[in-house]
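S.K.: The structure under discussion is supplied below as structure tokens; questions concerning it will follow.
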Amino acid sequence: MEKIFISELEKHVGQQVKLCGWVHKINRLGKVTFVTLRDSSGLVQLVIEGDAIDDLKLEISTIVEGIVFENPKAPTGLELHEPRFTLLGKTYYEMLPIEVNGYKNKSSLEVQLDNRSLSLRSPKTRAVFKVQEEIASCFRTFLKSRMFSEIHTPKIISSSTEGGSEMFTVHYFDKRAFLAQSPQFYKQMMVGAGFERVFEIGHAYRAELHNTWRHLNEYVSLDVEMGFIADEFELIQLEEDFINYLFAALNKKCSKELELFQVTLPSKVSIPRIPLKEAQEILLEVYDKSSPVGNIDAEGEILLSKYVKEKYASDFVFLTKYPISKRPMYTMPDPDYPGMTKSFDLIYKGLEITTGGQRIHDYEELKANIIKFGLKPEDFGFYLDSFKYGMPPHGGFAIGLERITMKLLGLQNIREATLLPRDMKRLEP
């Protein structure tokens, strides 16, 4: 008899089936014991009449064979009768370090992360990563439908992509190297190499001295770069189209997971676009909130999102026209707005989840801008040289996978949306 998944049981009512999974709950009620079995696809109730198996413990792994019955009173409407157990992986504990079968995990986040292989067994925790998996899958499917090619770029690099100091250094034989902050240089090079439209789902590293609810030192970046664009608003529209594609897919494929978090996604989003200077004025006039030069801070993002929600009924807002001084050296200046760039951020429910914009595509202009930023063109030789051979107008953006997951599900800490977090204090598990 072949193994099936719990999610497939409704196709086998009245039949003998074989399941594999873990014992999630055990409820002994007189002569009847109700056992909940869990696999990667869901939960099902098993009904044992008579004496229960003595060795049956929470989280033991087992094979179960039994007959599928419909029962409206069962938690999922189905249950297995006459179950026969073959116990597999033994358990070696007196008391579980964290609760797995409760709806709300009563352990602190740090304790859950210390026991990650166990905390991930919780159906609600697993639901986070089911949704996250679908986000990444939708990103890939959507872009491939738009003629984008998936690429995989190096994460050990010779120089900073943004001229910053927040880089992790590594010993690379007899040289000093860095962990990539982003695939920025390489995705631009691939546009110029003839791929034209590229994307990557990969890890990025930031040696930021932050240990907050919104920061990670290693995260997954959803990167896009597109050639032959007219301006940054073509990129903005591309991302808005992706958000709509994503929400439609999540509503269809992850309805149970969204319901667990009491999340309702709109069928259609239309995202306002507000220049940064105007956003700063709104914060000052409406909330008496001043902003740092050339940006808005974390509190400003929250307040602006509140304003946008009330005025435009949107959880999203694009901020445009950032100053040259606050963007990387490859960002295209905007001649219609002196001192500003053709760049943008996407704020979602009070948190920046995307940074993007048009890039400088002219070799001499890029070289001059590198010098203006106090950097040395020779330090960016391999990157700069690729602009000598007819680089088209191009641009792109990057979405933080953990950030969009956190905000979409209403989580309180980005580590909840991270399989195995890496921050200032955590290097294990």
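Here's how to read the names in the structure tokens: chain A, B, ... by the order shown, residue numbers from 1 in each chain, ligand numbers from 1 in the order shown.
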I'd like the contact shell of A:Pro338 - 12 Å cut-off, only C-alpha atoms, skipping same-chain residues fewer than 3 positions apart - returned as a list of chain:residue names.
M.R.: A:Lys321, A:Tyr322, A:Pro323, A:Ile324, A:Ser325, A:Met332, A:Pro333, A:Asp334, A:Pro335, A:Thr341, A:Lys342
S.K.: Could you name the residues that touch A:Phe5 at 9 Å or less, counting only C-alpha atoms, but leaving out those on the same chain fewer than 5 positions away, as a CSV table (one decimal) with N, CA, C and O atoms, in the first residue's frame?
M.R.:
```
chain,number,residue,atom,x,y,z
A,18,LYS,N,-2.6,4.4,4.1
A,18,LYS,CA,-1.4,4.4,4.9
A,18,LYS,C,-0.9,5.9,5.0
A,18,LYS,O,-0.7,6.5,3.9
A,19,LEU,N,-0.7,6.3,6.2
A,19,LEU,CA,-0.2,7.7,6.5
A,19,LEU,C,1.1,7.6,7.2
A,19,LEU,O,1.4,6.7,8.0
A,20,CYS,N,1.9,8.6,7.0
A,20,CYS,CA,3.2,8.8,7.8
A,20,CYS,C,3.2,10.2,8.4
A,20,CYS,O,2.8,11.2,7.8
A,39,ASP,N,1.0,15.5,9.4
A,39,ASP,CA,2.1,15.4,8.5
A,39,ASP,C,2.3,16.8,7.9
A,39,ASP,O,1.7,17.8,8.3
A,40,SER,N,3.1,16.9,6.8
A,40,SER,CA,3.4,18.2,6.3
A,40,SER,C,2.2,18.9,5.6
A,40,SER,O,2.3,20.1,5.3
A,41,SER,N,1.2,18.1,5.4
A,41,SER,CA,0.0,18.6,4.7
A,41,SER,C,-1.2,19.0,5.6
A,41,SER,O,-2.1,19.6,5.1
A,42,GLY,N,-1.2,18.5,6.8
A,42,GLY,CA,-2.3,18.7,7.7
A,42,GLY,C,-2.4,17.8,8.8
A,42,GLY,O,-1.5,17.1,9.2
```
S.K.: Between A:Val308, A:Met190, A:Ala398, A:Leu118, which has the minimum distance to A:Val100 (counting only C-alpha atoms)?
M.R.: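 Going through A:Val308, A:Met190, A:Ala398, A:Leu118 one by one, the smallest distance to A:Val100 is for A:Leu118.
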S.K.: Tell me, as a PyMOL selection string, which residues lie within 9 Å of A:Glu65, counting only C-alpha atoms; anything in the same chain fewer than 4 positions away does not count.
M.R.: chain A and resi 16-20+80+82-86
S.K.: Emit the selected residues as a PDB file, in the first residue's frame, including N, CA and C atoms.
M.R.:
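Saved file again08.pdb follows:
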```
ATOM      1  N   GLN A  16      -8.974   1.771   2.869  1.00  0.00           N
ATOM      2  CA  GLN A  16      -7.817   1.569   3.745  1.00  0.00           C
ATOM      3  C   GLN A  16      -6.665   2.424   3.197  1.00  0.00           C
ATOM      4  N   VAL A  17      -6.019   3.181   4.059  1.00  0.00           N
ATOM      5  CA  VAL A  17      -4.927   4.057   3.624  1.00  0.00           C
ATOM      6  C   VAL A  17      -3.735   3.908   4.559  1.00  0.00           C
ATOM      7  N   LYS A  18      -2.601   4.399   4.071  1.00  0.00           N
ATOM      8  CA  LYS A  18      -1.391   4.436   4.892  1.00  0.00           C
ATOM      9  C   LYS A  18      -0.891   5.869   4.976  1.00  0.00           C
ATOM     10  N   LEU A  19      -0.706   6.338   6.200  1.00  0.00           N
ATOM     11  CA  LEU A  19      -0.214   7.684   6.460  1.00  0.00           C
ATOM     12  C   LEU A  19       1.105   7.610   7.218  1.00  0.00           C
ATOM     13  N   CYS A  20       1.924   8.650   7.040  1.00  0.00           N
ATOM     14  CA  CYS A  20       3.159   8.792   7.823  1.00  0.00           C
ATOM     15  C   CYS A  20       3.165  10.172   8.450  1.00  0.00           C
ATOM     16  N   LEU A  80      -9.741   8.423  10.953  1.00  0.00           N
ATOM     17  CA  LEU A  80      -9.331   7.053  10.653  1.00  0.00           C
ATOM     18  C   LEU A  80      -9.794   6.130  11.769  1.00  0.00           C
ATOM     19  N   GLU A  82      -9.910   2.012  13.284  1.00  0.00           N
ATOM     20  CA  GLU A  82      -9.107   0.792  13.339  1.00  0.00           C
ATOM     21  C   GLU A  82      -7.645   1.050  12.955  1.00  0.00           C
ATOM     22  N   PRO A  83      -7.044   2.110  13.515  1.00  0.00           N
ATOM     23  CA  PRO A  83      -5.669   2.425  13.126  1.00  0.00           C
ATOM     24  C   PRO A  83      -4.668   1.398  13.654  1.00  0.00           C
ATOM     25  N   ARG A  84      -3.723   1.042  12.815  1.00  0.00           N
ATOM     26  CA  ARG A  84      -2.611   0.175  13.204  1.00  0.00           C
ATOM     27  C   ARG A  84      -1.332   0.985  13.096  1.00  0.00           C
ATOM     28  N   PHE A  85      -0.599   1.038  14.198  1.00  0.00           N
ATOM     29  CA  PHE A  85       0.585   1.883  14.282  1.00  0.00           C
ATOM     30  C   PHE A  85       1.862   1.068  14.093  1.00  0.00           C
ATOM     31  N   THR A  86       2.792   1.632  13.345  1.00  0.00           N
ATOM     32  CA  THR A  86       4.172   1.149  13.319  1.00  0.00           C
ATOM     33  C   THR A  86       5.035   2.316  13.779  1.00  0.00           C
TER      34      THR A  86
END
```
S.K.: Mind running stretch 165-258 of chain A against stretch 284-303 of chain A at 12 Å and telling me each contacting residue's nearest atom pair with the distance in Å (one decimal), counting only C-alpha atoms, chain and number ascending, as a tab-separated table?
M.R.:
```
residue	atom	partner	partner_atom	distance
A:Thr212	CA	A:Ala298	CA	11.4
A:Trp213	CA	A:Ala298	CA	11.4
A:Arg214	CA	A:Ala298	CA	9.8
A:His215	CA	A:Ala298	CA	11.8
```
S.K.: Let me see the file: selected residues, C-alpha atoms, as a PDB file, in the first residue's frame.
M.R.:
```pdb
ATOM      1  CA  THR A 212      15.369  45.093  16.166  1.00  0.00           C
ATOM      2  CA  TRP A 213      12.053  43.526  15.179  1.00  0.00           C
ATOM      3  CA  ARG A 214      12.667  44.542  11.535  1.00  0.00           C
ATOM      4  CA  HIS A 215      16.354  43.769  10.951  1.00  0.00           C
TER       5      HIS A 215
END
```
S.K.: Run DSSP on the backbone and give me the residues of stretch 162-316 of chain A it puts in alpha helix (DSSP H), as a PyMOL selection string.
M.R.: chain A and resi 184-190+232-253+255-260+276-287+298-312
S.K.: Please run DSSP on the backbone and report, as a ChimeraX atom specification, all residues within stretch 78-253 of chain A that come out as strand (DSSP E).
M.R.: /A:78-87,149-150,156-157,169-172,175-179,197-205,218-227
S.K.: With C-alpha atoms kept, could you save the residues just selected as a compact mmCIF listing (two decimals), in the first residue's frame?
M.R.:
```
# COMPACT_ATOMS: atom_id res chain seq x y z
CA LEU A 78 -12.59 13.03 8.46
CA GLU A 79 -11.08 10.43 10.75
CA LEU A 80 -9.33 7.05 10.65
CA HIS A 81 -10.85 4.01 12.35
CA GLU A 82 -9.11 0.79 13.34
CA PRO A 83 -5.67 2.43 13.13
CA ARG A 84 -2.61 0.18 13.20
CA PHE A 85 0.58 1.88 14.28
CA THR A 86 4.17 1.15 13.32
CA LEU A 87 6.27 3.36 15.58
CA SER A 149 15.37 34.90 -16.97
CA GLU A 150 16.33 33.51 -13.57
CA ILE A 156 31.47 36.11 -2.34
CA ILE A 157 32.58 39.35 -3.97
CA THR A 169 34.47 40.19 5.35
CA VAL A 170 35.71 36.69 4.59
CA HIS A 171 39.17 35.21 4.07
CA TYR A 172 39.37 34.16 0.45
CA LYS A 175 42.74 37.90 -0.31
CA ARG A 176 40.08 39.82 1.58
CA ALA A 177 36.58 39.35 0.19
CA PHE A 178 33.03 40.24 1.20
CA LEU A 179 29.60 38.67 1.45
CA ARG A 197 15.34 40.97 -18.11
CA VAL A 198 16.60 39.03 -15.08
CA PHE A 199 15.57 38.08 -11.57
CA GLU A 200 17.16 36.27 -8.66
CA ILE A 201 15.93 34.77 -5.41
CA GLY A 202 18.99 34.66 -3.19
CA HIS A 203 20.56 35.46 0.14
CA ALA A 204 21.97 38.88 0.96
CA TYR A 205 24.10 39.97 3.89
CA GLU A 218 21.12 37.49 6.50
CA TYR A 219 17.91 37.59 4.51
CA VAL A 220 16.38 36.48 1.22
CA SER A 221 16.18 39.13 -1.48
CA LEU A 222 13.78 38.98 -4.43
CA ASP A 223 15.70 40.93 -7.08
CA VAL A 224 14.60 42.24 -10.47
CA GLU A 225 16.50 44.09 -13.20
CA MET A 226 14.96 45.11 -16.54
CA GLY A 227 16.50 46.65 -19.64
```
S.K.: Compare A:Ser122, A:Ser145, A:Ser182, A:Thr405 by their minimum atom-to-atom distance to A:Leu258, counting only C-alpha atoms, and give me the closest one.
M.R.: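 For A:Leu258, the nearest of the given residues is A:Thr405.
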